Amino acid sequence: MADEYDILLCGVTGFTGKLAAEHLLAKAYPIKWAVCARNEAKAKSCLAVLGEQLGKTQLPPVEVADLVCTTAEEEAKLRAVVQKTKVVITTAGPFEKYGQTLVKLCAEEGVDYADISGESDFLRAMVAHHDATAQQTGARIVVHCGNDCIPWDLTVFEMRKHAQSKGAELVEAQTFGEFGTGAMSGGTLTTAIYQLGKQRSAAKPDFDPLLRTRDGRKSESLTKIANPKKDVWVGEFGQYGGPWIMGPVMANCVRRSNALLGYSPNLVYGDALLRGHPTMAQWVGEKAYTTLVAAAVVMPSLFQRFLPGPGEGPSPRPWRATSSTCTASARWSTRPAGSRRRSRPSTTSQATRATCTRPRCWWRRGCSSSRTRARAASSRRRQPSAAAASLCSGSTRSSAPSWRSVRRKACFVTPRRPLPRGP
Ligand SMILES: NC(=O)c1ccc[n+]([C@@H]2O[C@H](COP(=O)([O-])OP(=O)(O)OC[C@H]3O[C@@H](n4cnc5c(N)ncnc54)[C@H](OP(=O)(O)O)[C@@H]3O)[C@@H](O)[C@H]2O)c1
């Protein structure tokens with residue numbers, strides 16, 4: 001593994017890739033980084049615009065390679081680029097279309113990899129095809145490393161830690177997401193339309209690759225998904241909440257973490273999106289939008305033109321002023337040390353909130369305001385216990401190669417405020 005670069009960023013010409021490049025430029029971390037794009041002129045022009053906005057004259061070098069390698073020469077070219085770096089981060093999606101060869105090459109070359117995909121099938125395929133190779137070479141391949149799913153995954157991870165600190169086992173977790181704006185980037189919509197419209201293979205593996213452990217066996221830690229099927233009144237928040245497009249992806253991500261980290265043999269996990277108090281007009285607008293996306297899945301040539309396309313996204317100014325919040329409650333059970341037999345669920349209660357409103361993630365727990373106590377008390381009436389929810393940040397490297405065990409340490413939560421300029 002060469003170390004010409006610490007980080008190679010792929011997808012810089014896209015909506016999210018520009019945000020990632022903006023972050024790296026603004027922060028001016030003491031690292032060597034480069035971008036990789038299929039169109040050199042477009043990448044240079046994007047970087048020039050960002051450099052001008054941020055007052056930076058020193059821009060990263062541009063490596064040129066197509067991520068979809070149709071010939072051996074193209075793959076060799078991409079491999080040569082991958083060999084130059086320690087870590088690849090990529091925002092070029094749909095990942096099932098553009099990301100497969102990149103993961104393969106990173107696994108083969110022992111280069112660490114993180115992406116922002118929200119495609120469960122992509123994660124499944126990458127685990128099935130490249131896990132063994134990545135373990136041999138020491139590459140850490142971290143899929144699902146974007147704003148969806150990191151806060152959700154870390155929240156459940158923190159709840160498990162909290163249960164463990166009480167000498168208990170997490171048995172049930174429920175997360176509630178809140179977004180300032182539901183606006184999606186064109187790339188996200190393109191990915192959703194691609195995923196919903198694609199032909200699925202009839203061939204089924206022996207077991208879901210998400211359950212695969214490091215030694216290739218099926219994990220004994222299974223997750224039952226309990227996402228809501230329709231909007232319901234969530235009394236604890238005084239809001240309506242229900243299903244959303246990323247709910248199943250969050251659940252699959254937690255399922256993978258449970259399989260690898262062994263939260264519980266029978267974890268029950270559900271995720272709901274809080275929608276506030278939608279007026280009739282908002283409700284109709286949302287249904288119309290969902291219908292338009294569904295129509296674009298069935299007839300892309302006719303309807304996709306009415307939706308934002310690749311490279312487009314929400315207008316930065318109002319979007320940056322918003323934040324996303326992930327709140328959770330959980331149930332755990334205590335069990336005697338050294339025994340597999342579980343006692344009945346704990347009745348202890350604690351309610352906390354994890355909020356991501358700043359470039360640096362932060363978390364609060366154990367708040368004792370009367371509002372929090374009231375919320376905890378109300379949740380206790382319905383559930384035996386409610387546990388802590390949290391986000392954390394950092395990018396330290398773990399020693400053992402694995403697919404998911406390092407996820408908690410590689411947090412890429414999109415900051416939605418103007419970034420402070422670095423030195
Ligand atoms: N997890 C999350 O929270 C989260 C958030 C946002 C987005 N996403 C996902 O991230 C992905 C990107 O979203 P986006 O809105 O940024 O998309 P986008 O604006 O369409 O950007 C796609 C990027 O991929 C590049 N690309 C496409 N084909 C390529 C190829 N063959 N070789 C090299 N580069 C190629 C594009 O380069 P060109 O300019 O040359 O076409 C562009 O830079 C989507 O899959 C979306 O679902 C996830």
# chains A, B, ... in the order shown; residues from 1 in each chain; ligands from 1
$ residues_near_ligand --ligand "ligand 1" --cutoff "7 Å" --atoms "only C-alpha atoms and all ligand atoms" --output "ChimeraX atom specification"
/A:10-17,37-39,65-68,91-95,98,116-118,144-149,185-189,191-192,309-313
$ select_by_dssp --residues "range 63-281 of chain A" --states "alpha helix (DSSP H)" --output "PyMOL selection string"
chain A and resi 72-82+95-98+100-109+120-137+150-165+186-197+247-261+280-281
$ write_last_selection --atoms "C-alpha atoms" --output "PDB file, in the first residue's frame"
ATOM      1  CA  ALA A  72      -9.151  -4.779 -17.980  1.00  0.00           C
ATOM      2  CA  GLU A  73      -7.285  -1.546 -18.826  1.00  0.00           C
ATOM      3  CA  GLU A  74      -9.867   0.574 -17.009  1.00  0.00           C
ATOM      4  CA  GLU A  75      -9.662  -1.665 -13.957  1.00  0.00           C
ATOM      5  CA  ALA A  76      -5.863  -1.487 -13.976  1.00  0.00           C
ATOM      6  CA  LYS A  77      -6.115   2.314 -14.162  1.00  0.00           C
ATOM      7  CA  LEU A  78      -8.480   2.462 -11.189  1.00  0.00           C
ATOM      8  CA  ARG A  79      -6.321  -0.002  -9.268  1.00  0.00           C
ATOM      9  CA  ALA A  80      -3.273   2.199  -9.805  1.00  0.00           C
ATOM     10  CA  VAL A  81      -5.203   5.142  -8.330  1.00  0.00           C
ATOM     11  CA  VAL A  82      -6.424   3.077  -5.347  1.00  0.00           C
ATOM     12  CA  PHE A  95     -23.350   2.341  -5.402  1.00  0.00           C
ATOM     13  CA  GLU A  96     -24.665  -0.882  -6.833  1.00  0.00           C
ATOM     14  CA  LYS A  97     -24.031   0.660 -10.264  1.00  0.00           C
ATOM     15  CA  TYR A  98     -20.781   2.528  -9.640  1.00  0.00           C
ATOM     16  CA  GLN A 100     -18.671  -2.558  -6.878  1.00  0.00           C
ATOM     17  CA  THR A 101     -15.245  -2.539  -8.540  1.00  0.00           C
ATOM     18  CA  LEU A 102     -13.971   0.119  -6.160  1.00  0.00           C
ATOM     19  CA  VAL A 103     -14.798  -2.040  -3.123  1.00  0.00           C
ATOM     20  CA  LYS A 104     -13.226  -5.063  -4.790  1.00  0.00           C
ATOM     21  CA  LEU A 105     -10.009  -3.184  -5.491  1.00  0.00           C
ATOM     22  CA  CYS A 106      -9.852  -1.691  -1.986  1.00  0.00           C
ATOM     23  CA  ALA A 107     -10.355  -5.156  -0.472  1.00  0.00           C
ATOM     24  CA  GLU A 108      -7.640  -6.627  -2.703  1.00  0.00           C
ATOM     25  CA  GLU A 109      -5.174  -3.804  -2.115  1.00  0.00           C
ATOM     26  CA  SER A 120     -28.830  -2.774   1.675  1.00  0.00           C
ATOM     27  CA  ASP A 121     -28.379  -5.049  -1.347  1.00  0.00           C
ATOM     28  CA  PHE A 122     -25.057  -3.394  -2.090  1.00  0.00           C
ATOM     29  CA  LEU A 123     -23.892  -4.064   1.476  1.00  0.00           C
ATOM     30  CA  ARG A 124     -25.075  -7.675   1.180  1.00  0.00           C
ATOM     31  CA  ALA A 125     -23.205  -8.197  -2.089  1.00  0.00           C
ATOM     32  CA  MET A 126     -20.016  -6.601  -0.797  1.00  0.00           C
ATOM     33  CA  VAL A 127     -20.022  -8.739   2.357  1.00  0.00           C
ATOM     34  CA  ALA A 128     -20.719 -11.873   0.320  1.00  0.00           C
ATOM     35  CA  HIS A 129     -18.031 -11.210  -2.292  1.00  0.00           C
ATOM     36  CA  HIS A 130     -15.231  -9.333  -0.576  1.00  0.00           C
ATOM     37  CA  ASP A 131     -15.363  -9.935   3.187  1.00  0.00           C
ATOM     38  CA  ALA A 132     -12.889 -12.812   3.109  1.00  0.00           C
ATOM     39  CA  THR A 133     -10.446 -10.886   0.897  1.00  0.00           C
ATOM     40  CA  ALA A 134     -10.700  -7.775   3.066  1.00  0.00           C
ATOM     41  CA  GLN A 135      -9.932  -9.803   6.168  1.00  0.00           C
ATOM     42  CA  GLN A 136      -6.856 -11.283   4.501  1.00  0.00           C
ATOM     43  CA  THR A 137      -5.471  -7.926   3.353  1.00  0.00           C
ATOM     44  CA  ILE A 150     -24.496   6.445  11.128  1.00  0.00           C
ATOM     45  CA  PRO A 151     -26.578   8.336  13.735  1.00  0.00           C
ATOM     46  CA  TRP A 152     -29.172   5.535  13.874  1.00  0.00           C
ATOM     47  CA  ASP A 153     -26.570   2.797  14.120  1.00  0.00           C
ATOM     48  CA  LEU A 154     -24.574   4.640  16.785  1.00  0.00           C
ATOM     49  CA  THR A 155     -27.720   5.371  18.734  1.00  0.00           C
ATOM     50  CA  VAL A 156     -28.515   1.683  19.041  1.00  0.00           C
ATOM     51  CA  PHE A 157     -24.861   0.982  19.775  1.00  0.00           C
ATOM     52  CA  GLU A 158     -24.954   3.502  22.634  1.00  0.00           C
ATOM     53  CA  MET A 159     -28.148   2.001  23.989  1.00  0.00           C
ATOM     54  CA  ARG A 160     -26.477  -1.375  24.004  1.00  0.00           C
ATOM     55  CA  LYS A 161     -23.516   0.150  25.868  1.00  0.00           C
ATOM     56  CA  HIS A 162     -25.927   1.696  28.351  1.00  0.00           C
ATOM     57  CA  ALA A 163     -27.654  -1.636  28.910  1.00  0.00           C
ATOM     58  CA  GLN A 164     -24.267  -3.295  29.360  1.00  0.00           C
ATOM     59  CA  SER A 165     -23.281  -0.702  31.960  1.00  0.00           C
ATOM     60  CA  GLY A 186     -31.043  14.156  -7.228  1.00  0.00           C
ATOM     61  CA  GLY A 187     -28.509  11.370  -6.714  1.00  0.00           C
ATOM     62  CA  THR A 188     -30.523  10.016  -3.772  1.00  0.00           C
ATOM     63  CA  LEU A 189     -33.726  10.043  -5.817  1.00  0.00           C
ATOM     64  CA  THR A 190     -31.942   8.397  -8.748  1.00  0.00           C
ATOM     65  CA  THR A 191     -30.682   5.721  -6.358  1.00  0.00           C
ATOM     66  CA  ALA A 192     -34.130   5.181  -4.812  1.00  0.00           C
ATOM     67  CA  ILE A 193     -35.709   4.882  -8.263  1.00  0.00           C
ATOM     68  CA  TYR A 194     -32.970   2.505  -9.397  1.00  0.00           C
ATOM     69  CA  GLN A 195     -33.305   0.317  -6.283  1.00  0.00           C
ATOM     70  CA  LEU A 196     -37.101   0.183  -6.360  1.00  0.00           C
ATOM     71  CA  GLY A 197     -37.236  -0.524 -10.084  1.00  0.00           C
ATOM     72  CA  GLY A 247     -36.504   2.807   7.650  1.00  0.00           C
ATOM     73  CA  PRO A 248     -35.710  -0.660   6.242  1.00  0.00           C
ATOM     74  CA  VAL A 249     -32.127   0.420   5.486  1.00  0.00           C
ATOM     75  CA  MET A 250     -31.580   1.625   9.069  1.00  0.00           C
ATOM     76  CA  ALA A 251     -32.968  -1.681  10.269  1.00  0.00           C
ATOM     77  CA  ASN A 252     -30.651  -3.682   8.010  1.00  0.00           C
ATOM     78  CA  CYS A 253     -27.713  -1.636   9.218  1.00  0.00           C
ATOM     79  CA  VAL A 254     -28.598  -2.374  12.861  1.00  0.00           C
ATOM     80  CA  ARG A 255     -29.117  -6.025  11.914  1.00  0.00           C
ATOM     81  CA  ARG A 256     -25.547  -6.146  10.556  1.00  0.00           C
ATOM     82  CA  SER A 257     -24.140  -4.458  13.675  1.00  0.00           C
ATOM     83  CA  ASN A 258     -26.005  -6.859  15.933  1.00  0.00           C
ATOM     84  CA  ALA A 259     -24.758  -9.852  13.931  1.00  0.00           C
ATOM     85  CA  LEU A 260     -21.143  -8.690  14.265  1.00  0.00           C
ATOM     86  CA  LEU A 261     -21.138  -7.176  17.727  1.00  0.00           C
ATOM     87  CA  MET A 280     -54.103  18.493   4.920  1.00  0.00           C
ATOM     88  CA  ALA A 281     -52.128  20.447   2.291  1.00  0.00           C
TER      89      ALA A 281
END
$ select_by_dssp --residues "range 132-330 of chain A" --states "strand (DSSP E or B)" --output "VMD selection string"
chain A and resid 141 to 142 146 149 168 to 179 212 218 222 to 225 232 to 234 239 to 242 266 to 276 324 to 330
$ write_last_selection --atoms "N, CA and C atoms" --output "compact mmCIF listing (two decimals), in the first residue's frame"
# COMPACT_ATOMS: atom_id res chain seq x y z
N ILE A 141 -13.65 -2.17 5.33
CA ILE A 141 -14.64 -1.73 4.34
C ILE A 141 -15.89 -1.33 5.10
N VAL A 142 -16.20 -0.05 5.11
CA VAL A 142 -17.32 0.43 5.93
C VAL A 142 -18.40 1.02 5.00
N GLY A 146 -22.97 7.17 5.80
CA GLY A 146 -23.46 8.54 5.60
C GLY A 146 -24.35 8.99 6.74
N CYS A 149 -26.68 5.88 7.57
CA CYS A 149 -27.29 5.33 8.75
C CYS A 149 -26.48 5.61 10.03
N ALA A 168 -26.91 -5.55 31.84
CA ALA A 168 -28.11 -6.08 31.20
C ALA A 168 -27.88 -6.26 29.69
N GLU A 169 -28.88 -6.86 29.06
CA GLU A 169 -28.78 -7.10 27.62
C GLU A 169 -29.89 -6.33 26.91
N LEU A 170 -29.50 -5.63 25.86
CA LEU A 170 -30.49 -4.88 25.09
C LEU A 170 -31.42 -5.86 24.40
N VAL A 171 -32.73 -5.68 24.56
CA VAL A 171 -33.65 -6.61 23.88
C VAL A 171 -34.53 -5.91 22.85
N GLU A 172 -34.71 -4.61 23.01
CA GLU A 172 -35.58 -3.91 22.07
C GLU A 172 -35.12 -2.46 21.93
N ALA A 173 -35.12 -1.94 20.72
CA ALA A 173 -34.74 -0.53 20.51
C ALA A 173 -35.68 0.06 19.47
N GLN A 174 -36.06 1.29 19.70
CA GLN A 174 -36.93 2.01 18.76
C GLN A 174 -36.33 3.39 18.53
N THR A 175 -36.04 3.72 17.28
CA THR A 175 -35.49 5.05 16.98
C THR A 175 -36.55 5.89 16.29
N PHE A 176 -36.43 7.22 16.49
CA PHE A 176 -37.35 8.18 15.88
C PHE A 176 -36.50 9.26 15.22
N GLY A 177 -36.64 9.40 13.91
CA GLY A 177 -35.86 10.42 13.20
C GLY A 177 -36.69 11.67 12.96
N GLU A 178 -36.02 12.81 13.02
CA GLU A 178 -36.69 14.09 12.70
C GLU A 178 -35.78 14.86 11.76
N PHE A 179 -36.32 15.36 10.68
CA PHE A 179 -35.53 16.13 9.73
C PHE A 179 -36.15 17.51 9.56
N ARG A 212 -23.56 -12.58 8.39
CA ARG A 212 -22.30 -13.31 8.32
C ARG A 212 -21.31 -12.77 9.37
N LYS A 218 -23.11 -18.14 10.19
CA LYS A 218 -24.29 -17.32 10.43
C LYS A 218 -24.28 -16.89 11.91
N LEU A 222 -29.61 -12.35 16.13
CA LEU A 222 -30.56 -12.03 15.05
C LEU A 222 -31.41 -10.81 15.42
N THR A 223 -31.91 -10.13 14.40
CA THR A 223 -32.70 -8.92 14.65
C THR A 223 -34.06 -9.06 13.97
N LYS A 224 -35.08 -8.83 14.76
CA LYS A 224 -36.44 -8.80 14.19
C LYS A 224 -36.79 -7.34 13.92
N ILE A 225 -37.19 -7.06 12.69
CA ILE A 225 -37.48 -5.66 12.33
C ILE A 225 -38.95 -5.36 12.61
N VAL A 232 -48.72 6.72 12.89
CA VAL A 232 -49.48 6.60 14.15
C VAL A 232 -49.14 7.81 15.02
N TRP A 233 -49.96 8.05 16.02
CA TRP A 233 -49.69 9.15 16.95
C TRP A 233 -48.64 8.67 17.95
N VAL A 234 -47.51 9.40 18.05
CA VAL A 234 -46.47 9.00 19.00
C VAL A 234 -46.58 9.94 20.19
N GLN A 239 -46.46 13.92 18.34
CA GLN A 239 -46.37 14.07 16.88
C GLN A 239 -46.84 12.79 16.20
N TYR A 240 -47.11 12.91 14.90
CA TYR A 240 -47.35 11.70 14.11
C TYR A 240 -46.00 11.15 13.65
N GLY A 241 -45.92 9.84 13.58
CA GLY A 241 -44.70 9.21 13.10
C GLY A 241 -45.05 7.94 12.36
N GLY A 242 -44.19 7.54 11.44
CA GLY A 242 -44.50 6.32 10.69
C GLY A 242 -43.38 5.91 9.77
N ASN A 266 -31.93 -12.03 20.14
CA ASN A 266 -33.24 -11.75 19.53
C ASN A 266 -33.59 -10.28 19.70
N LEU A 267 -32.83 -9.43 19.05
CA LEU A 267 -33.09 -7.99 19.19
C LEU A 267 -34.32 -7.62 18.36
N VAL A 268 -35.16 -6.79 18.93
CA VAL A 268 -36.29 -6.24 18.17
C VAL A 268 -35.97 -4.77 17.92
N TYR A 269 -35.97 -4.37 16.65
CA TYR A 269 -35.61 -2.97 16.33
C TYR A 269 -36.63 -2.37 15.36
N GLY A 270 -37.02 -1.15 15.65
CA GLY A 270 -37.94 -0.45 14.75
C GLY A 270 -37.49 1.00 14.58
N ASP A 271 -37.80 1.57 13.42
CA ASP A 271 -37.45 2.97 13.17
C ASP A 271 -38.66 3.68 12.57
N ALA A 272 -38.91 4.87 13.05
CA ALA A 272 -40.04 5.65 12.51
C ALA A 272 -39.58 7.07 12.25
N LEU A 273 -40.20 7.71 11.28
CA LEU A 273 -39.92 9.12 10.99
C LEU A 273 -41.01 9.97 11.64
N LEU A 274 -40.60 10.96 12.45
CA LEU A 274 -41.58 11.85 13.06
C LEU A 274 -41.96 12.92 12.05
N ARG A 275 -43.26 13.13 11.90
CA ARG A 275 -43.72 14.05 10.85
C ARG A 275 -44.40 15.28 11.41
N GLY A 276 -44.38 15.49 12.69
CA GLY A 276 -45.03 16.67 13.27
C GLY A 276 -46.53 16.56 13.19
N SER A 324 -30.86 17.38 11.82
CA SER A 324 -31.60 16.12 11.98
C SER A 324 -31.37 15.60 13.39
N THR A 325 -32.38 14.94 13.90
CA THR A 325 -32.31 14.44 15.28
C THR A 325 -32.71 12.97 15.30
N CYS A 326 -31.99 12.20 16.06
CA CYS A 326 -32.35 10.80 16.23
C CYS A 326 -32.55 10.56 17.73
N THR A 327 -33.75 10.19 18.10
CA THR A 327 -34.07 9.93 19.51
C THR A 327 -34.46 8.46 19.63
N ALA A 328 -34.19 7.88 20.76
CA ALA A 328 -34.48 6.46 20.86
C ALA A 328 -34.94 6.06 22.25
N SER A 329 -35.67 4.97 22.29
CA SER A 329 -35.96 4.36 23.57
C SER A 329 -35.64 2.87 23.45
N ALA A 330 -35.42 2.24 24.58
CA ALA A 330 -35.02 0.83 24.52
C ALA A 330 -35.49 0.07 25.74
$ atom_distance --atom1 "CA of Ser45 in chain A" --atom2 "CA of Val143 in chain A"
28.6 Å
$ atom_distance --atom1 "CA of Thr57 in chain A" --atom2 "CA of Thr90 in chain A"
23.7 Å
$ atom_distance --atom1 "CA of Arg320 in chain A" --atom2 "CA of Glu22 in chain A"
13.2 Å
